[in-house]
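Visitor: Here it is, the structure in full.
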Amino acid sequence: LHKDEEEKPPASSAAQKVKIGIYFATWWSLNVVFNIYNKKVLNAFPYPWLTSTLSLAMGSLIMLVSWATRIAEAPKTDFDFWKALAPVAVAHTIGHVAATVSMSKVAVSFTHIIKSAEPAFSVLVSRFFLGETFPVPVYLSLLPIIGGCGLAAMTELNFNMIGFMGAMISNLAFVFRNIFSKKGMKGKSVSGMNYYACLSILSLIILTPFAIAMEGPKLWAAGWQQAVTDIGPSFVWWLAAQSIFYHLYNQVSYMSLDEISPLTFSVGNTMKRISVIVSSIIIFHTPVRPVNALGAAIAILGTFLYSQAKQ
Ligand code: 3PG
């Protein structure tokens, strides 16, 4: 190799970096829009079990239509694929509905501050359930994550236990989802986009009966009437927007998971939360005390230390 050939990264690796950069920017922007419409909907219509079901229903519909019209090629799946997907779907359903319940009770920023502790859950689950051990700096990085989230939670002006627990349950469920889906996607023939589509369909089937049991058509009808009276026809557009953007951001995140390691993914996910926290505080005029912001900053800094220690 010539010297200059050695030093310049190959064109394909530069192109790959641009591609991943585009995925990340798209993923975060779609997520910010989702979070804003999701909260607007929940403020007017506090039925998180239904709204989380509708998000999955919209994603399933988009993908079924894309397959039928051949915009996207339908995956070839067998029974074993769906069997391996089942635990992922259970975890995805729990994580999704728990996060939505959380956001129906507390500020979006608070849910995401607690959700920035997901890497800490990942280490604890891997340590205690899978018997994995980590270098000491990884454990040390959990201190600022847990301490920062604890400080933010203790000083949150509108603290609510259901909101807090929902975000914690979501963290735990998503760690299991990631562990199971890493196994399920290994050596797979299904692309990230189609994998997420199948996940939406199976999660929708799992969640629907629970949504009916937890809330049900009676409450939904009364709530709908009230929301349309209060907001007007825009309410239906908000609902459509939150459902469409939920599917799109998740689809893009699974597409990027095809290209990057789970560790890069989780760092990207935490950086995503910074944009959600900041934009939702601005848009919803969320009151934040300095000590509260300090807690969030410590937790997020901890996540970066964690990613460094893990590398
Ligand atoms: C959901 O509704 O599933 C959550 O908002 C998802 O949270 P996350 O994708 O930001 O982890």
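The way I read the labels, and the way they are meant: chains A, B, ... in the order of the structure tokens, residue 1 as the first residue of every chain, and ligand 1 as the first ligand shown, with later ones counted on from there.
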Can you pull out every residue within 12 Å of Ala299 of chain A, counting only C-alpha atoms, but drop anything in the same chain fewer than 5 positions away, and send it as a PyMOL selection string?

Guide: chain A and resi 112-120+141-153+270-271+273-274+292-294+304-306

Visitor: Skip Phe284 of chain A itself and residues of its chain fewer than 5 positions away, then list as a list in words all residues within 10 Å of it, counting only C-alpha atoms.

Guide: Ile36, Lys39, Lys40, Ala107, Val108, Ser109 and Ser279 of chain A

Visitor: Residues within 6 Å of ligand 1, counting only C-alpha atoms and all ligand atoms: report them as a list in words.

Guide: His96, Ala99 and Thr100 of chain A

Visitor: Pick from A:Met161, A:Asn178, A:Ser104, A:Thr111: nearest to Leu263 of chain A, with only C-alpha atoms counted?

Guide: A:Asn178

Visitor: Counting only C-alpha atoms, which of A:Gln226, A:Ser266, A:Ser60, A:Thr77 gets nearest to Tyr196 of chain A?

Guide: A:Ser60

Visitor: From the options A:Ser170, A:Asn194, A:Asn38, A:Asn250, which residue's atoms come nearest to Phe121 of chain A, counting only C-alpha atoms?

Guide: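 Using only C-alpha atoms, the shortest distance to Phe121 of chain A belongs to A:Ser170.
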
Visitor: Nearest to Tyr246 of chain A among A:Leu64, A:Met58, A:Val101, A:Ile282, with distances taken over only C-alpha atoms: which residue is it?

Guide: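 Of the candidates, the smallest distance to Tyr246 of chain A is held by A:Met58.
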
Visitor: Excluding Thr133 of chain A and any residue of its chain fewer than 5 positions from it, enumerate the residues within 9 Å of it, using only C-alpha atoms, and give them as a PyMOL selection string.

Guide: chain A and resi 123+126-127

Visitor: Report, in Å to a single decimal, how far apart atom CA of Ser307 of chain A and atom CA of Thr264 of chain A are.

Guide: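 Separation of atom CA of Thr264 of chain A and atom CA of Ser307 of chain A: 8.2 Å.
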
Visitor: With only C-alpha atoms as the counted atoms, please give the residues lying no more than 9 Å from Phe34 of chain A, apart from itself and same-chain residues fewer than 2 positions off, as a VMD selection string.

Guide: chain A and resid 29 to 32 36 to 39 241 to 246 249

Visitor: Which polymer residues have any atom within 10 Å of an atom of Ile205 of chain A, counting only C-alpha atoms, with same-chain residues fewer than 5 positions away left out, as a list in words?

Guide: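 Residues meeting the cut-off are Thr53, Leu56, Ala57, Ala89, Thr93, Ser200 and Phe210 of chain A.
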
Visitor: Identify which of the residues A:Val190, A:Leu301, A:Val106, A:Val288 lies closest to Pro46 of chain A, counting only C-alpha atoms when measuring atom-to-atom distances.

Guide: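 The answer is A:Val106, which sits nearest to Pro46 of chain A.
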